[in-house]
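Engineer: Have a look at this one.
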Amino acid sequence: MSPHQTLEQGIAALGLTLPADAPERLLAFGQLLIKWNKVYNLTAIRDEAQVISHHLLDSLSVLPQLDGIRRLVDVGSGGGLPGVVLAICRPDLQVDSVETVQKKATFQNQAKIELKLPNFRAHHARIENWRPAYSPEAPDGIISRAFADLADFVNLTAHLAGPDTRILAMKGVYPADEIARIPAGFALEASPPLTVPGLDAERHLIIVKRT
């Protein structure tokens, strides 16, 4: 099966309807990730098939949970996951990626240029010190993929979260211990399981909001 067929099959299994050019652009991003990874060490995954399952489809699995979100902050996304993937597939979604490692932020900006993503911005900054200079309004969503312990994630992004902001943590096995330590003033809203085609592992999206 070709990479394009594998990706198309995974998108169908997720029940997603994406822009017509999304699969081609997603594969182009995967190739860019593999190419830059040789020098920048963006990810431990170097095999194209695994990039599709572990990165592209894993990032896409959260898409159905982003209804109503128009501005999303992606925290510590490394090689641009899930932020670049979501920006490709939701042209109406403004994604701000905040990354502490300069070379990873540089890669993300290169991906923005090569993939022509006007709705994506990469910022080299620490999330606890970052605020969007162009808008005083709180984002609709703040997402992370394997960034930190849930309590740390909430604490580090609390200054950005408004009353309606959803904080979305992509996790593996249901993190009951982490959920028990959600900081005061915040509470679990939902914890839908995620099924990722080609990935034989538990995945959950932990959604937290202000109380």
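Following the order of the structure tokens, first chain is A, next is B, and so on, with residues numbered from 1 inside each chain and ligands from 1 in the order they appear.
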Can you list, as a ChimeraX atom specification, every protein, DNA or RNA residue that comes within 9 Å of range 122-125 of chain A when you count only C-alpha atoms, leaving out same-chain residues fewer than 4 positions away?
Structural biologist: /A:80,95-106,108-109,112,129-130
Engineer: Output as JSON lines one row per residue of range 96-188 of chain A within 9 Å of range 67-70 of chain A: the closest atom pair and its distance in Å to one decimal place, counting only C-alpha atoms, sorted by chain and residue number ascending.
Structural biologist:
{"residue": "A:Pro139", "atom": "CA", "partner": "A:Arg70", "partner_atom": "CA", "distance": 8.0}
{"residue": "A:Asp140", "atom": "CA", "partner": "A:Ile69", "partner_atom": "CA", "distance": 5.2}
{"residue": "A:Gly141", "atom": "CA", "partner": "A:Ile69", "partner_atom": "CA", "distance": 6.2}
{"residue": "A:Thr165", "atom": "CA", "partner": "A:Ile69", "partner_atom": "CA", "distance": 8.9}
{"residue": "A:Arg166", "atom": "CA", "partner": "A:Ile69", "partner_atom": "CA", "distance": 8.7}
Engineer: Skip His4 in chain A itself and residues of its chain fewer than 6 positions away, then list as an MDAnalysis selection string all residues within 10 Å of it, counting only C-alpha atoms.
Structural biologist: chainID A and resid 10 23:24 26:27 52
Engineer: Can you list, as a list in words, every protein, DNA or RNA residue that comes within 7 Å of Met170 in chain A when you count only C-alpha atoms, leaving out same-chain residues fewer than 6 positions away?
Structural biologist: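 So the residues in contact are Ser144, Arg145, Ala146, His204, Leu205 and Ile206 of chain A.
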Engineer: Contacts of Asp149 in chain A at 10 Å or less, counting only C-alpha atoms, minus same-chain residues fewer than 3 places along, as a PyMOL selection string?
Structural biologist: chain A and resi 146+152-154+169+171+175+177-179+181-182
Engineer: May I ask which of the residues A:Leu156, A:Ala176, A:Ala13, A:Ala184 is the closest one to Gly76 in chain A, counting only C-alpha atoms?
Structural biologist: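 Closest candidate: A:Leu156.
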Engineer: What is the distance, in Å and to one decimal place, between CA of Leu199 in chain A and CA of Gln31 in chain A?
Structural biologist: 19.6 Å
Engineer: Considering only C-alpha atoms, state which residue in the set A:Leu168, A:Leu66, A:Ala187, A:Ile34 is at the smallest distance from Gly79 in chain A.
Structural biologist: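 Comparing A:Leu168, A:Leu66, A:Ala187, A:Ile34 against Gly79 in chain A, the winner is A:Ile34.
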Engineer: When you count only C-alpha atoms, which of these residues is closest to Leu14 in chain A: A:Ala138, A:Asn37, A:His55, A:Pro64?
Structural biologist: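 Selected residue with least distance to Leu14 in chain A: A:Pro64.
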Engineer: Have a look at A:Ala161, A:Gly78, A:Val73, A:Arg131 and name the one nearest to Asn119 in chain A; count only C-alpha atoms.
Structural biologist: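 Ranking A:Ala161, A:Gly78, A:Val73, A:Arg131 by distance to Asn119 in chain A, first place goes to A:Val73.
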Engineer: When you draw a straight line from CA of Arg210 in chain A to CA of Thr157 in chain A, how long is it in Å?
Structural biologist: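 These two atoms are separated by 11.8 Å.
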Engineer: Out of range 30-208 of chain A, which residues get strand (DSSP E) from DSSP, as a ChimeraX atom specification?
Structural biologist: /A:71-75,94-99,120-124,141-145,166-171,186-190,193-194,203-208
Engineer: Name all residues at most 9 Å from Leu33 in chain A (count only C-alpha atoms; drop same-chain ones fewer than 5 positions away) and give them as a PyMOL selection string.
Structural biologist: chain A and resi 28+38+42-43+46+51+79-80+107+111
Engineer: Determine the nearest neighbour of Leu32 in chain A from the options A:Gln110, A:Gln9, A:Gln65, A:Ser59, counting only C-alpha atoms.
Structural biologist: A:Gln110
